[in-house]
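K.L.:
Input file: input-v1.txt. Contents: compact mmCIF, C-alpha atoms.
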# COMPACT_ATOMS: atom_id res chain seq x y z
CA MET U 443 22.07 -34.21 14.21
CA THR U 444 24.00 -31.33 15.77
CA ALA U 445 22.33 -28.06 16.58
CA PRO U 446 23.99 -24.90 15.24
CA THR U 447 25.08 -22.23 17.69
CA ASP U 448 22.57 -19.54 18.56
CA LEU U 449 24.69 -16.76 17.13
CA GLY U 450 25.06 -18.62 13.85
CA LEU U 451 21.36 -19.34 13.73
CA THR U 452 20.45 -15.71 14.32
CA ALA U 453 22.86 -14.51 11.65
CA ARG U 454 21.54 -17.07 9.15
CA LEU U 455 17.92 -16.10 9.85
CA GLU U 456 18.71 -12.42 9.38
CA ARG U 457 20.57 -13.12 6.12
CA ASP U 458 17.87 -15.44 4.79
CA THR U 459 15.15 -12.93 5.65
CA LEU U 460 16.93 -10.25 3.62
CA ILE U 461 17.30 -12.68 0.69
CA VAL U 462 13.60 -13.59 0.83
CA LEU U 463 12.67 -9.89 1.00
CA ALA U 464 14.86 -9.06 -2.02
CA LEU U 465 13.42 -11.91 -4.09
CA SER U 466 9.85 -11.11 -3.02
CA THR U 467 10.32 -7.44 -3.89
CA ALA U 468 11.66 -8.31 -7.34
CA VAL U 469 8.77 -10.68 -8.04
CA ALA U 470 6.23 -8.17 -6.69
CA LEU U 471 7.67 -5.42 -8.87
CA ALA U 472 7.47 -7.64 -11.95
CA LEU U 473 3.95 -8.93 -11.26
CA GLY U 474 2.17 -6.15 -9.41
CA GLY U 475 4.01 -2.89 -9.89
CA TRP U 476 5.55 -0.43 -7.50
CA ARG U 477 2.68 -0.44 -4.94
CA LEU U 478 2.97 -4.18 -4.38
CA ALA U 479 6.78 -4.05 -4.26
CA GLY U 480 6.65 -1.07 -1.90
CA GLY U 481 4.28 -3.03 0.30
CA VAL U 482 6.79 -5.88 0.49
CA VAL U 483 9.55 -3.46 1.49
CA GLY U 484 7.22 -1.79 3.99
CA GLY U 485 6.31 -5.15 5.50
CA GLY U 486 10.00 -5.94 5.79
CA VAL U 487 10.55 -2.65 7.62
CA LEU U 488 7.71 -3.49 10.01
CA ALA U 489 9.20 -6.94 10.65
CA GLY U 490 12.62 -5.37 11.20
CA ILE U 491 11.27 -2.90 13.75
CA SER U 492 9.49 -5.69 15.60
CA TYR U 493 12.57 -7.94 15.50
CA ARG U 494 14.81 -5.20 16.85
CA ALA U 495 12.37 -4.42 19.68
CA LEU U 496 12.16 -8.05 20.72
CA LYS U 497 15.91 -8.59 20.42
CA ARG U 498 16.73 -5.56 22.56
CA GLY U 499 14.13 -6.56 25.13
CA VAL U 500 15.49 -10.07 25.44
CA GLU U 501 19.08 -8.81 25.64
CA ALA U 502 18.10 -6.32 28.35
CA LEU U 503 16.24 -8.87 30.46
CA GLY U 504 18.74 -11.69 30.00
CA PRO U 505 22.11 -12.03 31.65
CA PRO U 506 24.60 -9.31 30.67
CA PRO U 507 27.36 -10.23 28.22
CA PRO U 508 30.81 -10.96 29.65
CA GLY U 509 32.62 -7.74 30.54
CA HIS U 510 29.39 -5.72 30.91
CA GLU U 511 28.17 -7.05 34.26
CA SER U 512 27.72 -3.55 35.69
CA ARG U 513 25.38 -2.46 32.88
CA ARG U 514 21.88 -3.48 33.89
CA LEU U 515 18.65 -1.80 32.80
CA SER U 516 15.66 -1.58 35.09
CA PRO U 517 12.61 -3.68 34.09
CA ALA U 518 10.52 -0.49 33.93
CA ARG U 519 12.89 1.06 31.40
CA VAL U 520 12.85 -2.12 29.31
CA ALA U 521 9.04 -2.20 29.37
CA LEU U 522 8.86 1.48 28.41
CA GLY U 523 11.27 0.85 25.53
CA LEU U 524 9.15 -2.04 24.25
CA VAL U 525 5.96 0.01 24.47
CA GLY U 526 7.67 2.83 22.58
CA ARG U 527 8.88 0.48 19.86
CA TYR U 528 5.42 -0.99 19.39
CA ALA U 529 3.94 2.51 19.20
CA LEU U 530 6.50 3.20 16.46
CA LEU U 531 5.46 -0.06 14.78
CA LEU U 532 1.80 0.98 14.87
CA ALA U 533 2.61 4.41 13.44
CA ALA U 534 4.77 2.88 10.69
CA GLY U 535 1.98 0.47 9.75
CA TYR U 536 -0.48 3.33 9.52
CA VAL U 537 1.84 5.36 7.30
CA ILE U 538 2.61 2.40 5.04
CA ILE U 539 -0.99 1.40 4.42
CA GLY U 540 -3.01 4.54 5.25
CA ARG U 541 -0.86 7.33 3.86
CA LEU U 542 1.45 5.79 1.27
CA HIS U 543 -1.35 3.53 -0.01
CA LEU U 544 0.97 0.56 -0.49
CA HIS U 545 -0.66 -2.78 -1.21
CA PRO U 546 -1.71 -4.62 1.99
CA LEU U 547 -0.95 -8.00 0.39
CA GLY U 548 2.59 -6.82 -0.24
CA VAL U 549 2.89 -5.78 3.41
CA LEU U 550 1.72 -9.24 4.44
CA VAL U 551 4.33 -10.86 2.18
CA GLY U 552 7.05 -8.61 3.60
CA VAL U 553 6.14 -9.33 7.22
CA SER U 554 6.03 -13.06 6.41
CA ALA U 555 9.57 -13.12 4.99
CA VAL U 556 10.99 -14.05 8.37
CA VAL U 557 8.64 -17.05 8.52
CA VAL U 558 9.84 -18.26 5.11
CA ALA U 559 13.45 -17.80 6.24
CA ALA U 560 12.77 -19.81 9.42
CA MET U 561 11.17 -22.58 7.34
CA ALA U 562 14.24 -22.69 5.10
CA GLU U 563 16.48 -22.93 8.18
CA ALA U 564 14.34 -25.75 9.58
CA VAL U 565 14.70 -27.67 6.31
CA ARG U 566 18.48 -27.09 6.36
CA ALA U 567 18.73 -28.33 9.95
CA TRP U 568 16.58 -31.36 9.19
CA ARG U 569 18.78 -32.52 6.29
So that I can check it, write out the structure of this file as structure tokens.

P.N.:
Amino acid sequence: MTAPTDLGLTARLERDTLIVLALSTAVALALGGWRLAGGVVGGGVLAGISYRALKRGVEALGPPPPGHESRRLSPARVALGLVGRYALLLAAGYVIIGRLHLHPLGVLVGVSAVVVAAMAEAVRAWR
């Protein structure tokens, strides 16, 4: 069994997450109405914010890409960026559930879309 490249894996996970979110939103709209579907989209937005924060943090702390060896961020700036992103995540979660009154179960489904996409990728790699 050969392992796929990291770049291919990341791209497949991102694509599969969007597919799962689209399907989940359609099912939620059909079964639970706009509040449930909005919750799924809101959960997807929360997952996207978290993913982007983690990805940028890992890229900043890891070795620089070829051709960008001179560009290096300080660990304090990286930590401040991560704290800022998670503050944004907290505020977005409050707005989604507290102010927009979207369905919390829909938010949970939206946030879990990346887990479903990772499970699908694991099954693909296993076969």

K.L.:
Quick one: residues within 6 Å of range 482-488 of chain U, all atoms listed in the file counted, chain neighbours fewer than 3 positions away excluded, as a PyMOL selection string?

P.N.:
chain U and resi 467+479+491+548-549+551-553

K.L.:
Name the closest residue to Leu503 in chain U among the candidates U:Leu542, U:Leu473, U:Ala521, U:Leu531; distances are taken between atoms, counting only C-alpha atoms.

P.N.:
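Checking each of U:Leu542, U:Leu473, U:Ala521, U:Leu531 against Leu503 in chain U, counting only C-alpha atoms, the winner is U:Ala521.
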
K.L.:
Check the smallest atom-to-atom distance from each of U:Gly481, U:Gly523, U:Pro508, U:Gly490 to Gly540 in chain U using all atoms listed in the file, then report the winner.

P.N.:
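Under the stated criterion, the closest residue is U:Gly481.
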
K.L.:
Quick one: pull the distance between CA of Arg454 in chain U and CA of Arg494 in chain U, Å, one decimal.

P.N.:
15.7 Å

K.L.:
Could you check how far CA of Leu465 in chain U sits from CA of Ala559 in chain U, in Å to one decimal?

P.N.:
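We find that CA of Leu465 in chain U and CA of Ala559 in chain U lie 11.9 Å from each other.
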
K.L.:
If you measure from CA of His545 in chain U to CA of Thr459 in chain U, what distance in Å do you get, rounded to one decimal?

P.N.:
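Result for CA of His545 in chain U versus CA of Thr459 in chain U: 20.0 Å, one decimal.
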
K.L.:
Which of these residues is nearest to Ala529 in chain U, using all atoms listed in the file: U:Ala495, U:Pro517, U:Ala560, U:Pro546?

P.N.:
U:Ala495

K.L.:
Padding 3 Å on each side, edges along x, y and z: where is the centre of the box around the listed atoms of range 477-489 of chain U, and how long are its edges in Å to one decimal? Output it as lines of an AutoDock Vina configuration file.

P.N.:
center_x = 6.6
center_y = -3.7
center_z = 2.9
size_x = 13.9
size_y = 12.5
size_z = 21.6

K.L.:
Excluding same-chain residues fewer than 6 positions from Arg498 in chain U, what lies within 12 Å of it counting only C-alpha atoms, as a PDB file with C-alpha atoms, in the frame of the given file?

P.N.:
ATOM      1  CA  ILE U 491      11.270  -2.900  13.750  1.00  0.00           C
ATOM      2  CA  SER U 492       9.490  -5.690  15.600  1.00  0.00           C
ATOM      3  CA  GLY U 504      18.740 -11.690  30.000  1.00  0.00           C
ATOM      4  CA  PRO U 506      24.600  -9.310  30.670  1.00  0.00           C
ATOM      5  CA  LEU U 515      18.650  -1.800  32.800  1.00  0.00           C
ATOM      6  CA  ARG U 519      12.890   1.060  31.400  1.00  0.00           C
ATOM      7  CA  VAL U 520      12.850  -2.120  29.310  1.00  0.00           C
ATOM      8  CA  ALA U 521       9.040  -2.200  29.370  1.00  0.00           C
ATOM      9  CA  GLY U 523      11.270   0.850  25.530  1.00  0.00           C
ATOM     10  CA  LEU U 524       9.150  -2.040  24.250  1.00  0.00           C
ATOM     11  CA  ARG U 527       8.880   0.480  19.860  1.00  0.00           C
TER      12      ARG U 527
END

K.L.:
Have a look at U:Leu451, U:Ile461, U:Ala533, U:Ala502 and name the one nearest to Ala567 in chain U; count all atoms listed in the file.

P.N.:
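Smallest distance to Ala567 in chain U is found for U:Leu451.
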
K.L.:
Taking into account only C-alpha atoms, which residue in the set U:Ala564, U:Val500, U:Val557, U:Leu547 is nearest to Gly474 in chain U?

P.N.:
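Closest to Gly474 in chain U, using only C-alpha atoms: U:Leu547.
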
K.L.:
Go through U:Val558, U:Leu550, U:Ala489, U:Leu544 and flag the residue nearest Leu455 in chain U, using all atoms listed in the file for the distances.

P.N.:
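Counting all atoms listed in the file, the residue closest to Leu455 in chain U is U:Val558.
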
K.L.:
Hey, could you patch up range 491-510 of chain U with N, CA and C atoms and hand it over as an mmCIF file, in the frame of the given file?

P.N.:
data_model
loop_
_atom_site.group_PDB
_atom_site.id
_atom_site.type_symbol
_atom_site.label_atom_id
_atom_site.label_comp_id
_atom_site.auth_asym_id
_atom_site.auth_seq_id
_atom_site.Cartn_x
_atom_site.Cartn_y
_atom_site.Cartn_z
ATOM 1 N N ILE U 491 11.521 -3.668 12.537
ATOM 2 C CA ILE U 491 11.270 -2.900 13.750
ATOM 3 C C ILE U 491 10.854 -3.831 14.881
ATOM 4 N N SER U 492 9.954 -4.749 14.586
ATOM 5 C CA SER U 492 9.490 -5.690 15.600
ATOM 6 C C SER U 492 10.626 -6.587 16.079
ATOM 7 N N TYR U 493 11.436 -7.073 15.151
ATOM 8 C CA TYR U 493 12.570 -7.940 15.500
ATOM 9 C C TYR U 493 13.549 -7.199 16.404
ATOM 10 N N ARG U 494 13.859 -5.973 16.045
ATOM 11 C CA ARG U 494 14.810 -5.200 16.850
ATOM 12 C C ARG U 494 14.269 -4.943 18.250
ATOM 13 N N ALA U 495 12.968 -4.657 18.360
ATOM 14 C CA ALA U 495 12.370 -4.420 19.680
ATOM 15 C C ALA U 495 12.448 -5.674 20.538
ATOM 16 N N LEU U 496 12.111 -6.803 19.953
ATOM 17 C CA LEU U 496 12.160 -8.050 20.720
ATOM 18 C C LEU U 496 13.587 -8.426 21.090
ATOM 19 N N LYS U 497 14.518 -8.245 20.157
ATOM 20 C CA LYS U 497 15.910 -8.590 20.420
ATOM 21 C C LYS U 497 16.482 -7.734 21.547
ATOM 22 N N ARG U 498 16.225 -6.437 21.507
ATOM 23 C CA ARG U 498 16.730 -5.560 22.560
ATOM 24 C C ARG U 498 16.080 -5.863 23.897
ATOM 25 N N GLY U 499 14.798 -6.206 23.886
ATOM 26 C CA GLY U 499 14.130 -6.560 25.130
ATOM 27 C C GLY U 499 14.683 -7.818 25.750
ATOM 28 N N VAL U 500 14.923 -8.822 24.936
ATOM 29 C CA VAL U 500 15.490 -10.070 25.440
ATOM 30 C C VAL U 500 16.911 -9.858 25.947
ATOM 31 N N GLU U 501 17.709 -9.080 25.202
ATOM 32 C CA GLU U 501 19.080 -8.810 25.640
ATOM 33 C C GLU U 501 19.093 -8.028 26.955
ATOM 34 N N ALA U 502 18.138 -7.115 27.132
ATOM 35 C CA ALA U 502 18.100 -6.320 28.350
ATOM 36 C C ALA U 502 17.645 -7.136 29.553
ATOM 37 N N LEU U 503 16.752 -8.080 29.348
ATOM 38 C CA LEU U 503 16.240 -8.870 30.460
ATOM 39 C C LEU U 503 17.115 -10.080 30.773
ATOM 40 N N GLY U 504 17.885 -10.525 29.800
ATOM 41 C CA GLY U 504 18.740 -11.690 30.000
ATOM 42 C C GLY U 504 20.005 -11.323 30.756
ATOM 43 N N PRO U 505 20.858 -12.312 30.958
ATOM 44 C CA PRO U 505 22.110 -12.030 31.650
ATOM 45 C C PRO U 505 23.000 -11.123 30.803
ATOM 46 N N PRO U 506 23.751 -10.223 31.442
ATOM 47 C CA PRO U 506 24.600 -9.310 30.670
ATOM 48 C C PRO U 506 25.759 -10.065 30.013
ATOM 49 N N PRO U 507 26.232 -9.572 28.877
ATOM 50 C CA PRO U 507 27.360 -10.230 28.220
ATOM 51 C C PRO U 507 28.621 -10.113 29.063
ATOM 52 N N PRO U 508 29.577 -11.021 28.862
ATOM 53 C CA PRO U 508 30.810 -10.960 29.650
ATOM 54 C C PRO U 508 31.507 -9.605 29.463
ATOM 55 N N GLY U 509 31.949 -9.027 30.579
ATOM 56 C CA GLY U 509 32.620 -7.740 30.540
ATOM 57 C C GLY U 509 31.684 -6.561 30.747
ATOM 58 N N HIS U 510 30.375 -6.799 30.737
ATOM 59 C CA HIS U 510 29.390 -5.720 30.910
ATOM 60 C C HIS U 510 28.470 -6.024 32.097
#
